[in-house]
Every structure is written in C-alpha cells, then in structure tokens.
file protein03.txt (compact mmCIF, C-alpha atoms (C1' of nucleotides))
# COMPACT_ATOMS: atom_id res chain seq x y z
CA MET A 6 86.67 116.93 83.14
CA LEU A 7 86.32 114.78 86.23
CA ASP A 8 87.51 117.81 88.10
CA ALA A 9 84.67 119.82 86.60
CA LEU A 10 82.11 117.15 87.47
CA GLY A 11 83.47 116.89 90.99
CA ASP A 12 81.29 119.71 92.30
CA PRO A 13 77.64 118.89 93.10
CA THR A 14 76.32 122.23 91.90
CA ARG A 15 78.15 121.73 88.63
CA ARG A 16 76.67 118.25 88.28
CA ALA A 17 73.21 119.71 88.86
CA ILE A 18 73.80 122.23 86.09
CA PHE A 19 75.18 119.51 83.86
CA GLU A 20 72.18 117.23 84.38
CA GLN A 21 69.79 120.11 83.87
CA LEU A 22 71.43 120.84 80.55
CA GLY A 23 71.08 117.16 79.77
CA GLU A 24 67.31 117.62 79.78
CA ARG A 25 67.21 120.83 77.79
CA PRO A 26 69.46 123.73 76.81
CA SER A 27 68.89 126.69 79.10
CA ALA A 28 69.82 130.28 79.76
CA VAL A 29 71.80 131.24 82.84
CA VAL A 30 68.75 132.76 84.51
CA ASP A 31 66.72 129.60 84.06
CA LEU A 32 69.48 127.45 85.51
CA ALA A 33 69.92 129.72 88.52
CA GLU A 34 66.18 129.70 89.19
CA ARG A 35 66.23 125.97 89.88
CA LEU A 36 69.37 126.07 91.99
CA PRO A 37 70.06 127.25 95.52
CA VAL A 38 72.82 129.59 94.37
CA SER A 39 72.98 133.03 92.81
CA ARG A 40 73.17 133.73 89.11
CA PRO A 41 76.84 134.81 89.09
CA ALA A 42 77.72 131.55 90.81
CA VAL A 43 76.09 129.69 87.95
CA SER A 44 78.02 131.79 85.46
CA GLN A 45 81.29 130.85 87.12
CA HIS A 46 80.43 127.17 87.11
CA LEU A 47 79.47 127.39 83.46
CA LYS A 48 82.83 128.94 82.71
CA ILE A 49 84.55 125.95 84.27
CA LEU A 50 82.31 123.46 82.48
CA LYS A 51 83.00 125.24 79.23
CA GLY A 52 86.72 125.18 79.91
CA ALA A 53 86.46 121.43 80.40
CA GLY A 54 84.76 121.10 77.02
CA LEU A 55 81.58 119.73 78.51
CA VAL A 56 79.34 122.64 77.55
CA ARG A 57 78.77 125.00 74.64
CA ASP A 58 76.93 128.32 74.48
CA VAL A 59 75.15 130.40 71.91
CA GLN A 60 74.18 134.02 72.15
CA VAL A 61 70.57 134.66 71.24
CA GLY A 62 69.38 138.18 71.78
CA THR A 63 70.24 139.23 75.28
CA ARG A 64 70.27 135.67 76.51
CA ARG A 65 73.07 133.12 76.40
CA ILE A 66 71.88 129.58 75.86
CA TYR A 67 74.04 126.80 77.23
CA SER A 68 73.87 123.18 76.10
CA LEU A 69 75.87 119.99 76.43
CA ASP A 70 78.87 119.60 74.13
CA PRO A 71 78.62 116.17 72.46
CA ALA A 72 82.36 116.19 71.70
CA GLY A 73 83.14 116.64 75.37
CA LEU A 74 80.76 113.87 76.30
CA SER A 75 82.33 111.36 73.96
CA GLY A 76 85.79 112.49 75.06
CA LEU A 77 84.97 111.71 78.65
CA ARG A 78 83.45 108.42 77.68
CA ASP A 79 86.53 107.49 75.69
CA TYR A 80 88.82 108.28 78.60
CA LEU A 81 86.79 106.13 80.94
CA ASP A 82 86.52 103.28 78.46
CA ARG A 83 90.26 103.36 77.90
CA PHE A 84 90.84 103.26 81.64
CA TRP A 85 88.36 100.42 82.05
CA GLY A 86 90.20 98.56 79.33
CA THR A 87 93.69 98.85 80.78
CA ALA A 88 92.46 98.17 84.29
CA LEU A 89 90.63 95.02 83.29
CA GLN A 90 93.53 93.92 81.11
CA SER A 91 96.10 94.19 83.89
CA PHE A 92 93.62 92.54 86.21
CA LYS A 93 93.28 89.65 83.81
CA LYS A 94 97.04 89.35 83.43
CA ARG A 95 97.39 89.25 87.17
CA VAL A 96 94.85 86.48 87.50
CA GLU A 97 96.59 84.45 84.81
CA ALA A 98 99.97 84.91 86.49
CA ASP A 99 98.52 83.78 89.77
CA ASN A 100 97.03 80.72 88.16
CA GLU A 101 100.34 79.77 86.59
CA LYS A 102 102.07 80.11 89.91
CA GLU A 103 99.46 77.90 91.55
CA ASN A 104 99.84 75.32 88.82
CA ARG A 105 103.60 75.21 89.12
CA GLN A 106 103.46 74.81 92.89
CA GLY A 107 100.41 72.80 92.66
CA GLU A 108 98.06 70.08 91.61
CA GLN A 109 98.55 68.60 95.08
CA HIS A 110 96.57 70.94 97.27
CA ASP A 111 93.55 68.73 98.15
CA MET B 3 81.71 108.67 92.94
CA LEU B 4 82.36 111.64 90.70
CA ASP B 5 82.95 113.54 93.89
CA ALA B 6 85.62 111.01 94.84
CA LEU B 7 87.28 111.21 91.43
CA GLY B 8 87.19 114.99 91.52
CA ASP B 9 90.49 115.25 93.35
CA PRO B 10 93.70 114.86 91.31
CA THR B 11 95.59 113.00 94.02
CA ARG B 12 92.69 110.58 94.29
CA ARG B 13 92.69 110.07 90.54
CA ALA B 14 96.42 109.34 90.68
CA ILE B 15 95.81 106.71 93.35
CA PHE B 16 92.93 105.33 91.35
CA GLU B 17 94.96 105.02 88.17
CA GLN B 18 97.87 103.49 90.03
CA LEU B 19 95.54 100.85 91.42
CA GLY B 20 94.34 100.32 87.86
CA GLU B 21 97.81 99.05 86.98
CA ARG B 22 98.31 96.86 90.01
CA PRO B 23 96.98 96.44 93.56
CA SER B 24 99.25 98.14 96.04
CA ALA B 25 99.86 98.74 99.71
CA VAL B 26 99.51 102.22 101.20
CA VAL B 27 103.26 102.64 101.51
CA ASP B 28 103.83 101.83 97.85
CA LEU B 29 101.17 104.28 96.76
CA ALA B 30 102.57 107.05 98.92
CA GLU B 31 106.07 106.46 97.59
CA ARG B 32 105.00 107.44 94.09
CA LEU B 33 103.01 110.45 95.21
CA PRO B 34 104.01 113.91 96.43
CA VAL B 35 101.99 113.54 99.63
CA SER B 36 102.47 111.82 102.96
CA ARG B 37 101.28 108.34 103.82
CA PRO B 38 98.41 109.45 106.09
CA ALA B 39 97.11 111.62 103.27
CA VAL B 40 96.94 108.56 101.06
CA SER B 41 95.11 106.69 103.81
CA GLN B 42 92.49 109.42 103.99
CA HIS B 43 92.01 109.43 100.24
CA LEU B 44 91.68 105.66 100.24
CA LYS B 45 88.99 105.92 102.89
CA ILE B 46 87.01 108.23 100.63
CA LEU B 47 87.53 106.03 97.57
CA LYS B 48 86.41 103.04 99.59
CA GLY B 49 83.36 104.92 100.82
CA ALA B 50 82.49 105.63 97.19
CA GLY B 51 82.72 101.92 96.42
CA LEU B 52 85.56 102.39 93.96
CA VAL B 53 88.19 100.50 95.93
CA ARG B 54 88.51 97.37 98.04
CA ASP B 55 91.20 96.32 100.51
CA VAL B 56 92.58 93.10 101.93
CA GLN B 57 94.73 92.70 104.97
CA VAL B 58 97.80 90.58 104.34
CA GLY B 59 100.22 90.40 107.19
CA THR B 60 101.00 93.88 108.39
CA ARG B 61 100.20 95.36 105.01
CA ARG B 62 96.86 96.40 103.63
CA ILE B 63 96.52 95.83 99.90
CA TYR B 64 94.12 98.06 98.02
CA SER B 65 92.66 97.26 94.60
CA LEU B 66 89.93 98.52 92.30
CA ASP B 67 86.41 97.39 93.05
CA PRO B 68 84.88 96.03 89.81
CA ALA B 69 81.35 96.56 91.16
CA GLY B 70 82.06 100.23 91.73
CA LEU B 71 83.55 100.55 88.27
CA SER B 72 80.51 99.09 86.55
CA GLY B 73 78.23 101.18 88.75
CA LEU B 74 79.93 104.36 87.63
CA ARG B 75 79.84 103.22 84.03
CA ASP B 76 76.13 102.47 84.29
CA TYR B 77 75.39 105.89 85.72
CA LEU B 78 77.27 107.61 82.93
CA ASP B 79 75.72 105.43 80.24
CA ARG B 80 72.26 106.16 81.60
CA PHE B 81 73.00 109.85 81.58
CA TRP B 82 74.40 109.67 78.07
CA GLY B 83 71.21 107.89 77.06
CA THR B 84 68.73 110.40 78.44
CA ALA B 85 70.82 113.34 77.28
CA LEU B 86 71.12 112.07 73.72
CA GLN B 87 67.46 111.11 73.70
CA SER B 88 66.23 114.55 74.71
CA PHE B 89 68.71 116.03 72.26
CA LYS B 90 67.27 113.91 69.49
CA LYS B 91 63.73 114.87 70.45
CA ARG B 92 64.70 118.51 70.36
CA VAL B 93 66.18 118.21 66.90
CA GLU B 94 63.08 116.45 65.62
CA ALA B 95 60.84 119.12 67.11
CA ASP B 96 62.91 121.83 65.47
CA ASN B 97 62.73 120.07 62.14
CA GLU B 98 58.96 119.82 62.35
CA LYS B 99 58.70 123.50 63.15
CA GLU B 100 60.91 124.35 60.17
CA ASN B 101 58.81 122.17 57.91
CA ARG B 102 55.55 123.75 59.01
CA GLN B 103 56.88 127.28 58.54
CA GLY B 104 58.89 126.32 55.67
CA GLU B 105 59.85 124.97 52.28
CA GLN B 106 60.09 128.60 51.12
CA HIS B 107 63.24 129.87 52.76
CA ASP B 108 65.71 130.18 49.86
C1' DC C 14 109.29 90.12 125.03
C1' DG C 15 111.39 93.93 122.71
C1' DT C 16 111.82 95.78 118.05
C1' DT C 17 110.37 96.84 113.47
C1' DA C 18 107.11 97.63 109.77
C1' DC C 19 102.78 99.09 108.38
C1' DC C 20 98.55 101.26 109.04
C1' DG C 21 94.36 104.31 110.60
C1' DT C 22 92.73 108.32 113.12
C1' DA C 23 92.82 112.80 115.66
C1' DA C 24 93.99 117.54 115.82
C1' DG C 25 95.36 121.54 113.77
C1' DT C 26 96.91 124.38 109.84
C1' DT C 27 96.72 125.98 105.35
C1' DA C 28 95.29 126.33 100.80
C1' DT C 29 91.56 126.27 97.74
C1' DA C 30 87.33 127.01 95.66
C1' DA C 31 82.49 128.09 96.16
C1' DC C 32 79.61 131.91 96.98
C1' DT C 33 77.75 136.81 97.46
C1' DT C 34 77.58 141.64 96.49
C1' DA C 35 78.77 145.20 93.37
C1' DC C 36 79.81 146.89 88.93
C1' DG C 37 79.99 147.58 83.87
C1' DG C 38 78.65 146.20 79.35
C1' DT C 39 75.56 144.66 75.31
C1' DA C 40 71.06 143.73 73.12
C1' DA C 41 66.10 144.55 72.73
C1' DG C 42 61.80 147.40 73.69
C1' DT C 43 59.31 151.94 74.29
C1' DA D 4 67.61 158.32 74.26
C1' DC D 5 65.98 156.00 78.26
C1' DT D 6 64.74 151.80 80.41
C1' DT D 7 64.74 146.85 81.03
C1' DA D 8 66.60 142.26 80.78
C1' DC D 9 70.42 139.36 80.74
C1' DC D 10 75.06 138.37 81.35
C1' DG D 11 80.28 138.16 82.74
C1' DT D 12 83.88 139.60 85.87
C1' DA D 13 86.18 141.61 89.98
C1' DA D 14 86.78 141.74 94.84
C1' DG D 15 86.18 139.91 99.13
C1' DT D 16 84.41 136.53 102.48
C1' DT D 17 83.55 132.10 104.06
C1' DA D 18 83.39 127.33 104.08
C1' DT D 19 85.59 123.20 102.88
C1' DA D 20 88.80 119.75 102.18
C1' DA D 21 93.61 118.55 101.52
C1' DC D 22 97.71 118.03 104.06
C1' DT D 23 101.16 117.41 107.97
C1' DT D 24 102.58 116.07 112.50
C1' DA D 25 101.68 113.20 116.35
C1' DC D 26 99.81 109.22 118.42
C1' DG D 27 98.19 104.44 119.31
C1' DG D 28 97.35 99.87 117.70
C1' DT D 29 98.18 95.20 115.32
C1' DA D 30 101.09 91.75 112.90
C1' DA D 31 105.65 89.65 111.85
C1' DC D 32 110.50 88.93 113.41
C1' DG D 33 114.66 88.53 116.31
call {"tool": "encode", "arguments": {"input": "protein03.txt", "output": "structure tokens"}}
result
Amino acid sequence: MLDALGDPTRRAIFEQLGERPSAVVDLAERLPVSRPAVSQHLKILKGAGLVRDVQVGTRRIYSLDPAGLSGLRDYLDRFWGTALQSFKKRVEADNEKENRQGEQHD
Amino acid sequence: MLDALGDPTRRAIFEQLGERPSAVVDLAERLPVSRPAVSQHLKILKGAGLVRDVQVGTRRIYSLDPAGLSGLRDYLDRFWGTALQSFKKRVEADNEKENRQGEQHD
DNA sequence: CGTTACCGTAAGTTATAACTTACGGTAAGT
DNA sequence: ACTTACCGTAAGTTATAACTTACGGTAACG
C-alpha cells in the first residue's frame, strides 16, 4: 500500500477519488499525464486494495475502497503502537539505570 | 513522507528503528544492502522528518522522530476525514434522489 | 602520532518504473 | 451495421532512483 502511495501521480489520483468517484477520462483530464498512464496507476492502486471500480455503460467508475483505507490505517496504528511501546520501555530502562547509578548527580 | 516510505528498504530501516534506535552499521548489518546505501536512505528519511540522529562518539545513532510520526498520522486522518465526509454526502444525495423518484420500485 | 572504527558524499552503473504511442475490444447511439 | 466513446494492455523509450565502489573526514584508542 505504501508502495502504491509512493508515487505522486498515484497520490493525486487517490486524493481526487477522495473527493468524488470518477471515470478514467475525468481523472486524466485533471492530470498532466495520458489516459493509459492513469489506467496503469489505477491497476496498481486496485492491486493494493485502495480502489474499487464499477462498470457503468462504456465508462468505468473508480472510487476509494473503504476496506483498503481501514487496512492501511490499522497497519499504521499498529506500527505507532509498537514503536511508542518500545520507546517507552527504553525510557523506563534508562531511568532505572540512572537511579541505580544515581541520586548523587547534583 | 509517503514518498520516503514508498521504498521497501526504507520501510525496513524505518521499522527497525521502530524497535530500537540504531547506528548505521547495525542497520546495514541486517539489510541486504551496503552501508552507504543505508546512509543515503537515512538522509531521505531525515529530510522527510521521519527520523532524527544523535552523534555519540564515532557512531551516529538514528531514531524515529515522534513529530514526523504525528505529522504523518495527522495528514492521513485529515484525508480519511474529508474522504469519508464526501462519501457520506454522496450517499445522502443518492438516497434523496431515490426517495424523490421512488417509493414505487418493487 | 599512527591506527582503527564509523560515517557521509561523489561518481558512475544498473535496474526499475513511469510514460507515450499504437492497437484491439466492448457498450451505447444513429 | 456503422460510428463514437471509453477503456485496458502491449511494446518500447526515457527518466529516475537505488546501489556499489572509492574517497576523505572526525572521534576514540594504543
């Protein structure tokens, strides 16, 4: 997922879909790249589970995939959690060390 | 920031720093790339505000930057917010349309 | 003061992925 | 049936960025 959001064009597409679902043509119109390029980026975003699509007539409407969004959020939250936890542990360990060596500095 | 986390090697470094602060040598030891490569990635991560470093003796200890973490989280939360909001609006609009046209389908 | 350990940067190479043009295929409209 | 609109994919090019080797520079250590 982070890989998919690593490209600026893909982020632009992603944010555009955050405002409203759109067809490939509409997305390409607002971007400095060709329509096939947008199609390829959408394929990657879809592969990452960040985007869904529905066929309506001759057009293909893309929109954000809520499941993908929450999945990404969960991953980040989990990482935040473990990072902060180990950080806290480290601080506590340091404090203990200081206390054992300590009380007499100052 | 998402650009910085777009590279897998950089994510590996990032996660490793999530467990414990480390010197460049220690990071490189656990990775399939050379030490200079790790240095370059760290430079990018630092530029993105995701990582801090402290010089201790001849070693340079890198650790996660809490400010950068919360910044990234804020950005994502904000995006979640606007995306879900416009999604909600869209659903409501669709419901209204159905109601106006409706009651008689089925 | 010489040696060792650790690091950042420069230069150059290589691999990757972003992009364009070209093509074929399906759905709607006349 | 022909045309038009929209789309995905293939092939090929180009730009980018990831990586290695080589170098120079600072801090500890004998």
call {"tool": "interface_residues", "arguments": {"input": "protein03.txt", "of": "chain D", "to": "chain B", "cutoff": "10 Å", "atoms": "only C-alpha atoms (C1' of nucleotides)", "output": "VMD selection string"}}
result
chain D and resid 21 to 23 29 to 31
call {"tool": "atom_distance", "arguments": {"input": "protein03.txt", "atom1": "C1' of DA8 in chain D", "atom2": "C1' of DT43 in chain C"}}
result
13.7 Å
call {"tool": "closest_atom_pairs", "arguments": {"input": "protein03.txt", "of": "chain C", "to": "chain A", "cutoff": "8 Å", "atoms": "all atoms listed in the file", "output": "JSON lines"}}
result
{"residue": "C:DA31", "atom": "C1'", "partner": "A:Ala42", "partner_atom": "CA", "distance": 8.0}
{"residue": "C:DC32", "atom": "C1'", "partner": "A:Ala42", "partner_atom": "CA", "distance": 6.5}
{"residue": "C:DT33", "atom": "C1'", "partner": "A:Ser39", "partner_atom": "CA", "distance": 7.7}
{"residue": "C:DT39", "atom": "C1'", "partner": "A:Thr63", "partner_atom": "CA", "distance": 7.6}
{"residue": "C:DA40", "atom": "C1'", "partner": "A:Thr63", "partner_atom": "CA", "distance": 5.1}
{"residue": "C:DA41", "atom": "C1'", "partner": "A:Thr63", "partner_atom": "CA", "distance": 7.2}
call {"tool": "write_last_selection", "arguments": {"input": "protein03.txt", "atoms": "C-alpha atoms (C1' of nucleotides)", "output": "short mmCIF file (atom, residue, chain, number, x, y, z; two decimals), in the coordinates of the input"}}
result
data_model
loop_
_atom_site.label_atom_id
_atom_site.label_comp_id
_atom_site.auth_asym_id
_atom_site.auth_seq_id
_atom_site.Cartn_x
_atom_site.Cartn_y
_atom_site.Cartn_z
"C1'" DA C 31 82.49 128.09 96.16
"C1'" DC C 32 79.61 131.91 96.98
"C1'" DT C 33 77.75 136.81 97.46
"C1'" DT C 39 75.56 144.66 75.31
"C1'" DA C 40 71.06 143.73 73.12
"C1'" DA C 41 66.10 144.55 72.73
#
call {"tool": "closest_residue", "arguments": {"input": "protein03.txt", "among": "B:Arg32, B:Ala85, B:Val26, B:Lys91", "to": "chain A", "atoms": "only C-alpha atoms"}}
result
B:Ala85
call {"tool": "residues_around", "arguments": {"input": "protein03.txt", "residues": "DG28 in chain D", "least_positions_apart": "6", "cutoff": "12 Å", "atoms": "all atoms listed in the file", "output": "JSON, numbers by chain"}}
result
{"B": [60], "C": [19, 20, 21, 22]}
call {"tool": "interface_residues", "arguments": {"input": "protein03.txt", "of": "chain A", "to": "chain B", "cutoff": "7 Å", "atoms": "all atoms listed in the file", "output": "PyMOL selection string"}}
result
chain A and resi 7-8+10-12+23-24+88+91
call {"tool": "atom_distance", "arguments": {"input": "protein03.txt", "atom1": "CA of Ile18 in chain A", "atom2": "C1' of DA18 in chain D"}}
result
21.0 Å
call {"tool": "residues_near_point", "arguments": {"input": "protein03.txt", "point": "(85.5, 142.6, 95.6)", "cutoff": "12 Å", "atoms": "all atoms listed in the file", "output": "JSON, numbers by chain"}}
result
{"C": [33, 34, 35, 36], "D": [12, 13, 14, 15, 16]}
call {"tool": "atom_distance", "arguments": {"input": "protein03.txt", "atom1": "CA of Gly76 in chain A", "atom2": "CA of Val56 in chain A"}}
result
12.3 Å
call {"tool": "closest_residue", "arguments": {"input": "protein03.txt", "among": "A:Arg57, A:Arg83, A:Lys48, A:Arg15", "to": "DG11 in chain D", "atoms": "all atoms listed in the file"}}
result
A:Lys48
